[in-house]
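J.: Pasting input_1.csv here (CSV, C-alpha atoms and all ligand atoms):
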chain,number,residue,atom,x,y,z
N,1,MET,CA,-5.7,4.8,-17.1
N,2,ALA,CA,-2.0,5.4,-16.5
N,3,GLN,CA,-0.5,2.4,-14.8
N,4,SER,CA,2.5,4.3,-13.7
N,5,GLU,CA,0.3,6.8,-11.8
N,6,LEU,CA,-1.4,3.9,-10.0
N,7,VAL,CA,2.0,2.5,-9.0
N,8,ALA,CA,3.1,5.9,-7.7
N,9,GLU,CA,-0.1,6.3,-5.7
N,10,VAL,CA,0.2,2.9,-4.1
N,11,ALA,CA,3.9,3.5,-3.3
N,12,ARG,CA,3.0,6.8,-1.6
N,13,LEU,CA,0.3,5.1,0.4
N,14,ARG,CA,2.8,2.5,1.5
N,15,GLN,CA,4.9,5.3,2.9
N,16,GLY,CA,1.9,6.5,4.9
N,17,ASP,CA,1.2,9.6,2.8
N,18,PRO,CA,-2.5,10.5,3.4
N,19,GLU,CA,-2.6,12.5,0.2
N,20,ALA,CA,-2.3,9.3,-1.8
N,21,LEU,CA,-5.7,8.1,-0.5
N,22,GLY,CA,-7.9,10.5,-2.4
N,23,PRO,CA,-6.7,9.5,-5.9
N,24,LEU,CA,-6.8,5.8,-5.1
N,25,LEU,CA,-10.3,6.1,-3.6
N,26,ALA,CA,-11.5,8.1,-6.6
N,27,ARG,CA,-10.0,5.6,-9.0
N,28,TYR,CA,-11.8,2.5,-7.5
N,29,GLN,CA,-14.7,3.8,-5.5
N,30,ASN,CA,-17.4,3.2,-8.1
N,31,ARG,CA,-16.2,-0.2,-9.2
N,32,LEU,CA,-15.5,-1.5,-5.7
N,33,TYR,CA,-18.9,-0.3,-4.5
N,34,ARG,CA,-20.7,-1.8,-7.4
N,35,TYR,CA,-19.0,-5.1,-6.9
N,36,LEU,CA,-19.9,-5.2,-3.2
N,37,LEU,CA,-23.5,-4.2,-3.9
N,38,ARG,CA,-23.9,-7.0,-6.5
N,39,LEU,CA,-22.5,-9.4,-4.0
N,40,VAL,CA,-24.5,-8.5,-0.9
N,41,ARG,CA,-27.4,-6.8,-2.6
N,42,ASP,CA,-28.2,-4.2,0.0
N,43,ARG,CA,-26.9,-0.7,0.2
N,44,ALA,CA,-26.2,-0.5,3.9
N,45,THR,CA,-24.1,-3.6,4.0
N,46,ALA,CA,-22.3,-2.7,0.8
N,47,GLU,CA,-21.4,0.7,2.3
N,48,ASP,CA,-20.2,-0.9,5.5
N,49,LEU,CA,-18.0,-3.4,3.6
N,50,PHE,CA,-16.8,-0.7,1.4
N,51,GLN,CA,-15.6,1.2,4.4
N,52,GLN,CA,-14.0,-1.9,6.0
N,53,THR,CA,-12.2,-2.7,2.7
N,54,TRP,CA,-10.5,0.7,2.6
N,55,LEU,CA,-9.5,0.5,6.3
N,56,ARG,CA,-8.0,-2.9,5.5
N,57,VAL,CA,-6.1,-1.4,2.6
N,58,VAL,CA,-4.5,1.1,4.8
N,59,GLU,CA,-3.7,-1.5,7.4
N,60,LYS,CA,-2.2,-4.0,4.9
N,61,VAL,CA,-0.8,-1.9,2.2
N,62,HIS,CA,2.7,-2.6,3.4
N,63,GLN,CA,2.1,-6.3,2.8
N,64,TYR,CA,1.0,-5.7,-0.8
N,65,ASP,CA,3.4,-7.2,-3.3
N,66,ALA,CA,4.0,-4.4,-5.8
N,67,LEU,CA,4.7,-6.9,-8.6
N,68,ARG,CA,1.2,-8.2,-8.5
N,69,SER,CA,-2.0,-6.5,-9.7
N,70,PHE,CA,-3.2,-3.9,-7.2
N,71,GLU,CA,-6.7,-4.2,-8.5
N,72,ALA,CA,-6.8,-8.0,-7.8
N,73,TRP,CA,-5.4,-7.4,-4.4
N,74,LEU,CA,-8.0,-4.7,-3.6
N,75,PHE,CA,-10.9,-6.8,-4.8
N,76,ALA,CA,-9.6,-9.9,-3.0
N,77,LEU,CA,-9.6,-7.9,0.3
N,78,ALA,CA,-13.2,-6.9,-0.4
N,79,HIS,CA,-14.1,-10.4,-1.4
N,80,ASN,CA,-12.8,-11.9,1.8
N,81,LEU,CA,-14.6,-9.3,4.0
N,82,ALA,CA,-17.9,-9.9,2.1
N,83,ILE,CA,-17.6,-13.6,2.3
N,84,ASP,CA,-16.9,-13.4,6.0
N,85,TYR,CA,-20.0,-11.2,6.4
N,86,LEU,CA,-22.2,-13.6,4.3
N,87,ARG,CA,-20.9,-16.6,6.1
N,88,ARG,CA,-21.8,-15.0,9.5
N,89,TYR,CA,-25.1,-13.4,8.7
N,90,ARG,CA,-26.5,-15.1,5.6
N,91,PRO,CA,-25.0,-18.5,5.4
N,92,GLU,CA,-27.9,-19.7,3.2
N,93,SER,CA,-26.7,-17.4,0.4
N,94,LEU,CA,-23.4,-19.2,0.3
N,95,ASP,CA,-24.9,-22.7,0.1
N,96,GLU,CA,-23.9,-23.0,-3.5
N,97,LEU,CA,-20.3,-22.4,-2.6
N,98,GLN,CA,-20.1,-25.9,-1.3
N,99,SER,CA,-21.1,-27.8,-4.5
N,100,PRO,CA,-22.0,-25.4,-7.2
N,101,ASP,CA,-20.3,-27.3,-9.9
N,102,GLU,CA,-22.5,-30.4,-10.1
N,103,PRO,CA,-23.7,-30.8,-13.6
N,104,ARG,CA,-27.3,-29.7,-13.8
N,105,ASN,CA,-29.7,-30.2,-16.6
N,106,VAL,CA,-29.8,-26.8,-18.1
N,107,GLN,CA,-32.8,-26.0,-20.1
N,108,PHE,CA,-34.3,-22.8,-21.2
N,109,PRO,CA,-37.9,-23.2,-20.5
N,110,SER,CA,-41.0,-23.0,-22.7
N,111,ALA,CA,-40.6,-19.4,-23.9
N,112,GLY,CA,-37.0,-20.3,-24.8
N,113,PRO,CA,-34.6,-18.1,-26.8
N,114,ASP,CA,-37.3,-15.9,-28.1
N,115,ALA,CA,-38.4,-14.6,-24.7
N,116,LEU,CA,-34.7,-14.0,-23.9
N,117,ALA,CA,-34.2,-12.1,-27.2
N,118,ARG,CA,-37.3,-10.0,-26.6
N,119,ALA,CA,-36.3,-9.2,-23.0
N,120,LEU,CA,-32.8,-8.1,-24.1
N,121,GLU,CA,-34.0,-6.3,-27.2
N,122,GLN,CA,-36.1,-4.1,-25.0
N,123,GLU,CA,-33.0,-3.0,-23.2
N,124,ARG,CA,-34.7,-3.8,-20.0
N,125,ALA,CA,-31.7,-3.4,-17.7
N,126,GLY,CA,-33.9,-3.8,-14.7
N,127,LEU,CA,-34.8,-7.3,-15.9
N,128,VAL,CA,-31.1,-8.3,-16.1
N,129,ILE,CA,-30.5,-7.0,-12.6
N,130,GLU,CA,-33.6,-8.8,-11.3
N,131,ALA,CA,-32.4,-12.0,-12.8
N,132,LEU,CA,-28.9,-11.4,-11.6
N,133,ASP,CA,-30.1,-10.8,-8.0
N,134,GLU,CA,-31.9,-14.2,-8.0
N,135,LEU,CA,-28.7,-16.0,-8.7
N,136,PRO,CA,-26.6,-17.6,-5.9
N,137,ALA,CA,-23.8,-15.3,-4.6
N,138,VAL,CA,-21.1,-17.2,-6.3
N,139,TYR,CA,-22.4,-16.6,-9.8
N,140,ARG,CA,-23.5,-13.0,-9.1
N,141,GLU,CA,-20.0,-12.2,-8.0
N,142,LEU,CA,-18.3,-14.0,-10.9
N,143,LEU,CA,-20.5,-12.4,-13.6
N,144,SER,CA,-20.0,-9.0,-12.0
N,145,LEU,CA,-16.2,-9.4,-12.0
N,146,ARG,CA,-16.2,-10.5,-15.6
N,147,PHE,CA,-18.7,-8.2,-17.3
N,148,GLU,CA,-18.8,-5.1,-15.1
N,149,GLU,CA,-15.3,-5.0,-13.8
N,150,GLU,CA,-14.0,-6.5,-17.1
N,151,MET,CA,-11.3,-8.5,-15.2
N,152,LYS,CA,-9.3,-11.1,-17.0
N,153,LEU,CA,-10.0,-14.7,-15.9
N,154,ALA,CA,-6.5,-14.9,-14.3
N,155,GLU,CA,-7.3,-11.8,-12.2
N,156,ILE,CA,-10.6,-13.2,-11.2
N,157,ALA,CA,-8.9,-16.4,-10.1
N,158,GLU,CA,-6.6,-14.3,-8.0
N,159,VAL,CA,-9.5,-12.4,-6.4
N,160,LEU,CA,-11.5,-15.5,-5.6
N,161,ASP,CA,-8.4,-17.6,-4.8
N,162,MET,CA,-9.5,-20.5,-7.0
N,163,PRO,CA,-8.0,-22.3,-10.0
N,164,LEU,CA,-8.6,-20.9,-13.4
N,165,SER,CA,-10.4,-24.0,-14.5
N,166,THR,CA,-13.0,-23.5,-11.7
N,167,VAL,CA,-13.5,-19.9,-12.7
N,168,LYS,CA,-14.3,-21.0,-16.2
N,169,THR,CA,-16.7,-23.7,-15.1
N,170,ARG,CA,-18.5,-21.4,-12.8
N,171,LEU,CA,-18.6,-18.6,-15.3
N,172,LYS,CA,-20.3,-20.9,-17.8
N,173,ARG,CA,-22.7,-22.2,-15.2
N,174,GLY,CA,-23.5,-18.7,-14.1
N,175,LEU,CA,-24.3,-17.5,-17.6
N,176,GLU,CA,-26.5,-20.5,-18.1
N,177,ARG,CA,-28.3,-19.9,-14.8
N,178,LEU,CA,-28.8,-16.2,-15.7
N,179,ARG,CA,-30.2,-17.0,-19.1
N,180,GLU,CA,-32.5,-19.6,-17.5
N,181,ARG,CA,-33.8,-17.0,-15.0
N,182,LEU,CA,-34.2,-14.3,-17.7
N,183,ALA,CA,-36.2,-16.6,-19.9
N,184,ASN,CA,-38.4,-17.4,-16.8
N,185,ILE,CA,-38.8,-13.8,-15.8
N,186,ALA,CA,-39.3,-12.3,-19.3
N,187,PRO,CA,-42.7,-13.7,-20.2
N,188,ARG,CA,-44.0,-12.9,-16.8
N,189,GLU,CA,-42.8,-9.3,-16.9
N,190,MET,CA,-44.0,-8.7,-20.3
N,191,GLY,CA,-47.6,-9.5,-19.5
N,192,GLN,CA,-47.9,-12.7,-21.5
W,1,MET,CA,-15.0,-35.4,-33.7
W,2,LYS,CA,-13.1,-32.7,-32.0
W,3,ASN,CA,-14.8,-29.7,-33.7
W,4,GLY,CA,-18.2,-31.4,-33.5
W,5,HIS,CA,-21.3,-29.4,-33.2
W,6,GLU,CA,-22.0,-30.5,-29.6
W,7,THR,CA,-18.5,-29.7,-28.4
W,8,ILE,CA,-18.6,-26.2,-29.9
W,9,ARG,CA,-22.1,-25.6,-28.4
W,10,GLU,CA,-20.7,-26.2,-25.0
W,11,LEU,CA,-18.1,-23.4,-25.7
W,12,LEU,CA,-20.5,-20.7,-26.9
W,13,ALA,CA,-21.3,-19.1,-23.6
W,14,LEU,CA,-17.7,-18.8,-22.7
W,15,ALA,CA,-16.9,-17.5,-26.2
W,16,ALA,CA,-19.4,-14.7,-25.7
W,17,ALA,CA,-17.8,-14.0,-22.3
W,18,GLY,CA,-14.4,-13.7,-24.0
W,19,ALA,CA,-13.2,-16.5,-21.8
W,20,LEU,CA,-11.8,-18.9,-24.3
W,21,ASP,CA,-8.1,-19.3,-25.2
W,22,ASP,CA,-7.1,-18.3,-28.7
W,23,GLN,CA,-7.3,-21.8,-30.1
W,24,GLU,CA,-10.8,-22.5,-28.8
W,25,ALA,CA,-12.0,-19.1,-29.9
W,26,ARG,CA,-10.8,-19.9,-33.4
W,27,ARG,CA,-12.5,-23.2,-33.5
W,28,VAL,CA,-15.8,-21.6,-32.4
W,29,GLU,CA,-15.4,-18.9,-35.0
W,30,GLU,CA,-14.7,-21.4,-37.8
W,31,HIS,CA,-17.6,-23.7,-36.8
W,32,ALA,CA,-20.1,-20.8,-36.5
W,33,THR,CA,-19.4,-19.7,-40.0
W,34,ALA,CA,-20.6,-23.1,-41.2
W,35,CYS,CA,-23.3,-23.9,-38.7
W,36,ALA,CA,-26.3,-21.6,-38.6
W,37,GLU,CA,-27.6,-23.1,-35.4
W,38,CYS,CA,-24.5,-22.4,-33.5
W,39,ALA,CA,-24.2,-19.0,-35.0
W,40,ALA,CA,-27.6,-18.1,-33.8
W,41,GLU,CA,-26.9,-19.5,-30.3
W,42,LEU,CA,-23.7,-17.6,-30.1
W,43,GLU,CA,-25.6,-14.4,-31.0
W,44,ARG,CA,-28.0,-15.1,-28.1
W,45,TRP,CA,-25.1,-15.5,-25.7
W,46,GLN,CA,-23.5,-12.4,-27.0
W,47,SER,CA,-26.7,-10.3,-26.5
W,48,LEU,CA,-26.8,-11.6,-23.0
W,49,ALA,CA,-23.2,-10.7,-22.4
W,50,GLY,CA,-23.9,-7.2,-23.9
W,51,ALA,CA,-26.8,-6.7,-21.6
W,52,LEU,CA,-24.6,-7.6,-18.6
W,53,ARG,CA,-22.1,-5.1,-19.7
W,54,ARG,CA,-24.7,-2.4,-19.9
W,55,VAL,CA,-26.2,-2.9,-16.5
W,56,PRO,CA,-26.2,0.6,-14.9
W,57,THR,CA,-23.5,1.3,-12.3
W,58,PRO,CA,-24.8,2.2,-8.9
W,59,GLN,CA,-22.7,5.1,-7.4
W,60,PRO,CA,-21.6,5.4,-3.8
W,61,SER,CA,-22.8,8.5,-2.1
W,62,ARG,CA,-20.5,11.5,-1.6
W,63,GLU,CA,-21.1,11.2,2.1
W,64,LEU,CA,-19.8,7.7,2.1
W,65,ILE,CA,-16.7,8.6,0.2
W,66,ALA,CA,-16.0,11.5,2.5
W,67,ARG,CA,-16.5,9.4,5.6
W,68,VAL,CA,-14.4,6.6,4.4
W,69,ARG,CA,-11.6,8.9,3.4
W,70,ALA,CA,-11.6,10.6,6.8
W,71,GLN,CA,-11.5,7.3,8.6
W,72,ALA,CA,-8.8,5.9,6.4
W,73,GLU,CA,-6.7,8.9,6.9
W,74,TRP,CA,-7.1,8.7,10.6
W,75,LYS,CA,-6.1,5.0,10.4
W,76,LEU,CA,-3.2,5.8,8.2
W,77,ALA,CA,-1.9,8.3,10.8
W,78,GLN,CA,-2.4,5.7,13.5
W,79,GLU,CA,-0.5,3.0,11.6
W,80,ALA,CA,2.3,5.5,11.0
W,81,GLU,CA,2.5,6.2,14.7
W,82,ARG,CA,2.4,2.5,15.5
W,83,ARG,CA,5.3,1.8,13.2
W,84,ARG,CA,7.3,4.7,14.6
W,85,ASP,CA,6.6,3.5,18.1
W,86,THR,CA,7.9,0.1,17.2
W,87,ARG,CA,11.1,1.5,15.8
W,88,VAL,CA,11.7,3.7,18.8
W,89,MET,CA,11.0,0.7,21.1
W,90,ALA,CA,13.5,-1.4,19.3
W,91,LEU,CA,16.1,1.4,19.6
W,92,LEU,CA,15.4,1.8,23.3
W,93,LEU,CA,15.8,-1.9,23.9
W,94,MET,CA,19.0,-2.0,22.0
W,95,PHE,CA,20.3,0.9,24.0
W,96,SER,CA,19.4,-0.6,27.4
W,97,TRP,CA,21.0,-3.9,26.5
W,98,THR,CA,24.2,-2.2,25.4
W,99,ILE,CA,24.4,-0.4,28.7
W,100,LEU,CA,23.7,-3.6,30.6
W,101,LEU,CA,26.4,-5.5,28.7
W,102,THR,CA,29.0,-2.9,28.9
W,103,THR,CA,28.7,-2.2,32.6
W,104,TRP,CA,31.1,-5.0,33.6
W,105,PRO,CA,33.9,-4.2,31.1
W,106,LEU,CA,33.6,-0.5,32.2
W,107,VAL,CA,34.0,-1.4,35.8
W,108,ARG,CA,37.1,-3.4,35.0
W,109,LEU,CA,38.5,-0.6,33.0
W,110,MET,CA,38.0,2.0,35.6
W,111,GLY,CA,39.0,0.0,38.7
W,112,GLY,CA,41.4,-2.7,37.6
W,113,GLY,CA,39.6,-5.6,39.3
W,114,VAL,CA,36.4,-5.9,41.3
W,115,TRP,CA,38.1,-6.1,44.8
W,116,ALA,CA,40.3,-3.2,44.4
W,117,TRP,CA,37.5,-1.4,43.0
W,118,LEU,CA,35.1,-2.1,45.9
W,119,ASP,CA,37.7,-1.1,48.4
W,120,ALA,CA,39.0,2.0,46.9
W,121,MET,CA,36.3,3.4,44.8
W,122,PRO,CA,35.9,7.1,45.2
W,123,GLY,CA,32.4,8.5,45.6
W,124,HIS,CA,32.1,10.1,42.2
W,125,VAL,CA,32.7,6.8,40.4
W,126,TRP,CA,29.8,5.3,42.3
W,127,PHE,CA,27.7,8.2,41.3
W,128,TRP,CA,28.5,7.9,37.6
W,129,LEU,CA,28.0,4.1,37.6
W,130,ALA,CA,24.6,4.4,39.3
W,131,GLY,CA,23.6,7.0,36.7
W,132,TYR,CA,24.8,4.8,33.9
W,133,THR,CA,22.8,1.8,35.1
W,134,LEU,CA,19.8,4.0,35.7
W,135,LEU,CA,19.9,5.1,32.1
W,136,GLY,CA,19.7,1.5,31.0
W,137,TRP,CA,16.7,0.8,33.2
W,138,LEU,CA,15.0,4.0,32.1
W,139,ALA,CA,15.4,3.0,28.4
W,140,ALA,CA,14.1,-0.5,29.2
W,141,GLY,CA,11.1,1.0,31.1
W,142,ALA,CA,10.3,3.3,28.2
W,143,ALA,CA,10.3,0.4,25.8
W,144,VAL,CA,7.9,-1.5,28.0
W,145,LEU,CA,5.6,1.5,28.3
W,146,LEU,CA,5.5,1.8,24.5
W,147,GLY,CA,4.8,-1.9,24.2
W,148,LEU,CA,1.9,-1.7,26.6
W,149,ARG,CA,0.5,1.3,24.8
W,150,GLU,CA,0.8,-0.5,21.5
W,151,ARG,CA,-1.1,-3.5,22.9
W,152,GLY,CA,-3.8,-1.2,24.3
W,153,ALA,CA,-4.2,0.5,21.0
W,154,ARG,CA,-4.5,-2.8,19.2
W,155,ARG,CA,-7.2,-4.0,21.6
W,156,THR,CA,-9.3,-0.9,21.2
W,157,ALA,CA,-8.9,-0.8,17.4
N,201,ZN,ZN,-23.0,-26.2,-34.7
What's the structure tokens form of this structure?
T.:
Amino acid sequence: MAQSELVAEVARLRQGDPEALGPLLARYQNRLYRYLLRLVRDRATAEDLFQQTWLRVVEKVHQYDALRSFEAWLFALAHNLAIDYLRRYRPESLDELQSPDEPRNVQFPSAGPDALARALEQERAGLVIEALDELPAVYRELLSLRFEEEMKLAEIAEVLDMPLSTVKTRLKRGLERLRERLANIAPREMGQ
Amino acid sequence: MKNGHETIRELLALAAAGALDDQEARRVEEHATACAECAAELERWQSLAGALRRVPTPQPSRELIARVRAQAEWKLAQEAERRRDTRVMALLLMFSWTILLTTWPLVRLMGGGVWAWLDAMPGHVWFWLAGYTLLGWLAAGAAVLLGLRERGARRTA
């Protein structure tokens, strides 16, 4: 992806050129939509937030600091809109935002690593999504940003507006929780 | 011991996520070559990370993209109009203040003193002065109208 093209598109949008919208939208539509869908888990809401995010982009693009990452800025706008939505309509899904970092006793139950291995070997993507969907929003979001969006940790910290150390802690916690869930789901799903 | 088994074990998940700094990553790598248990565990984390990367990407519908694009373009035009209005408003206000502030010096210049001027001012000077002041008021009025429209637009947005 040519970085200079992106810079030029953003600059044109800042000048109010509507022709700049198409390329920018095309560049980020799939990723932004996927991220929102992972976070809120239903299509209608993700579509609504997707729309709101782009309107916010148009509204605020003149405030965007061109020296910073446009991607992080864009995802941060989406993040804030999604969190506002969740806070208002599904506060329970944010519960873990309050104290998600308490050490828990992580253990991978009975079936243990083997069930995980089998689940993953079978390339059952549905299984991973199912396990992902059962995680608290904080972890779903973090895992999506890291593994699907392939963002650097520093960028994730910018999007989520949290210290790098917290990003690391939560990423680890999220992976552990996901593995725990997978190991739980796998035997069930595989008819054992 | 700093490179101990337990310490490294805690780093394995983040190692698979590519989230360690270079030094930590090297420590994990070195330990894993010597410790079969950690090597196996690292492999499990890596297969989990791989599975996460392979989760299929849901696509937004064409209709959604078309709708969002149309709305964003409309909003962009609105924003441009708003910014232009703000600029015009600032110009109008500056203009009306200039007129207001220069009225008195002009009167002095034309009449050589307010009393002489009131007594002996010919009709056409009155006319021009009134026109001049009116211009200032009109500019101020236009600025106010633009301001009101702007507020209305923001309320309905
Ligand atoms: Zn070891």
J.: Which value, in Å to one decimal, gives the distance between CA of Asp85 (chain W) and CA of Glu9 (chain N)?
T.: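 For CA of Asp85 (chain W) relative to CA of Glu9 (chain N), the distance reads 24.9 Å.
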J.: Which of these residues is nearest to chain W, using all atoms listed in the file: N:Val128, N:Leu86, N:Ala154, N:Val10?
T.: N:Val128
J.: With all atoms listed in the file as the atoms that count, which of N:Ala137, N:Ala8, N:Ala20, N:Ala78 lies nearest to chain W?
T.: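 Distance minimum relative to chain W lands on N:Ala20.
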J.: Select the residues contacting ligand ZN 201 (chain N) at a distance of at most 8 Å, based on all atoms listed in the file, then format the selection as a list in words.
T.: Gly4, His5, Glu6, Ile8, Arg9, His31, Ala32, Ala34, Cys35, Ala36, Glu37, Cys38 and Ala39 of chain W
J.: By how many Å are CA of Arg151 (chain W) and CA of Arg84 (chain W) apart?
T.: 14.4 Å
J.: Tell me the residues of chain N close to chain W, meaning within 6 Å using all atoms listed in the file, as JSON, numbers by chain.
T.: {"N": [18, 30, 34, 51, 55, 58, 125, 147, 148, 172]}
J.: Which is closest to Gly141 (chain W) among W:Trp97, W:Arg87, W:Asp21, W:Glu30, if we use only C-alpha atoms?
T.: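 Among the listed residues, the smallest separation from Gly141 (chain W) belongs to W:Trp97.
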J.: When you draw a straight line from CA of Glu24 (chain W) to CA of Leu116 (chain N), how long is it in Å?
T.: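 These two atoms are separated by 25.8 Å.
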J.: Find the residues around Leu164 (chain N) up to 7 Å (all atoms listed in the file counted), leave out those fewer than 4 positions away in its own chain, and share them as a PDB file with C-alpha atoms, in the frame of the given file.
T.:
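See result-v5.pdb below for the written result:
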ATOM      1  CA  LEU N 153     -10.000 -14.700 -15.900  1.00  0.00           C
ATOM      2  CA  ALA N 154      -6.500 -14.900 -14.300  1.00  0.00           C
ATOM      3  CA  ALA N 157      -8.900 -16.400 -10.100  1.00  0.00           C
ATOM      4  CA  LYS N 168     -14.300 -21.000 -16.200  1.00  0.00           C
TER       5      LYS N 168
END
J.: Measuring between only C-alpha atoms, which one of W:Leu109, W:Leu101, W:Ser96, W:Glu63 shows the shortest distance to Ala139 (chain W)?
T.: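 Of the candidates, the smallest distance to Ala139 (chain W) is held by W:Ser96.
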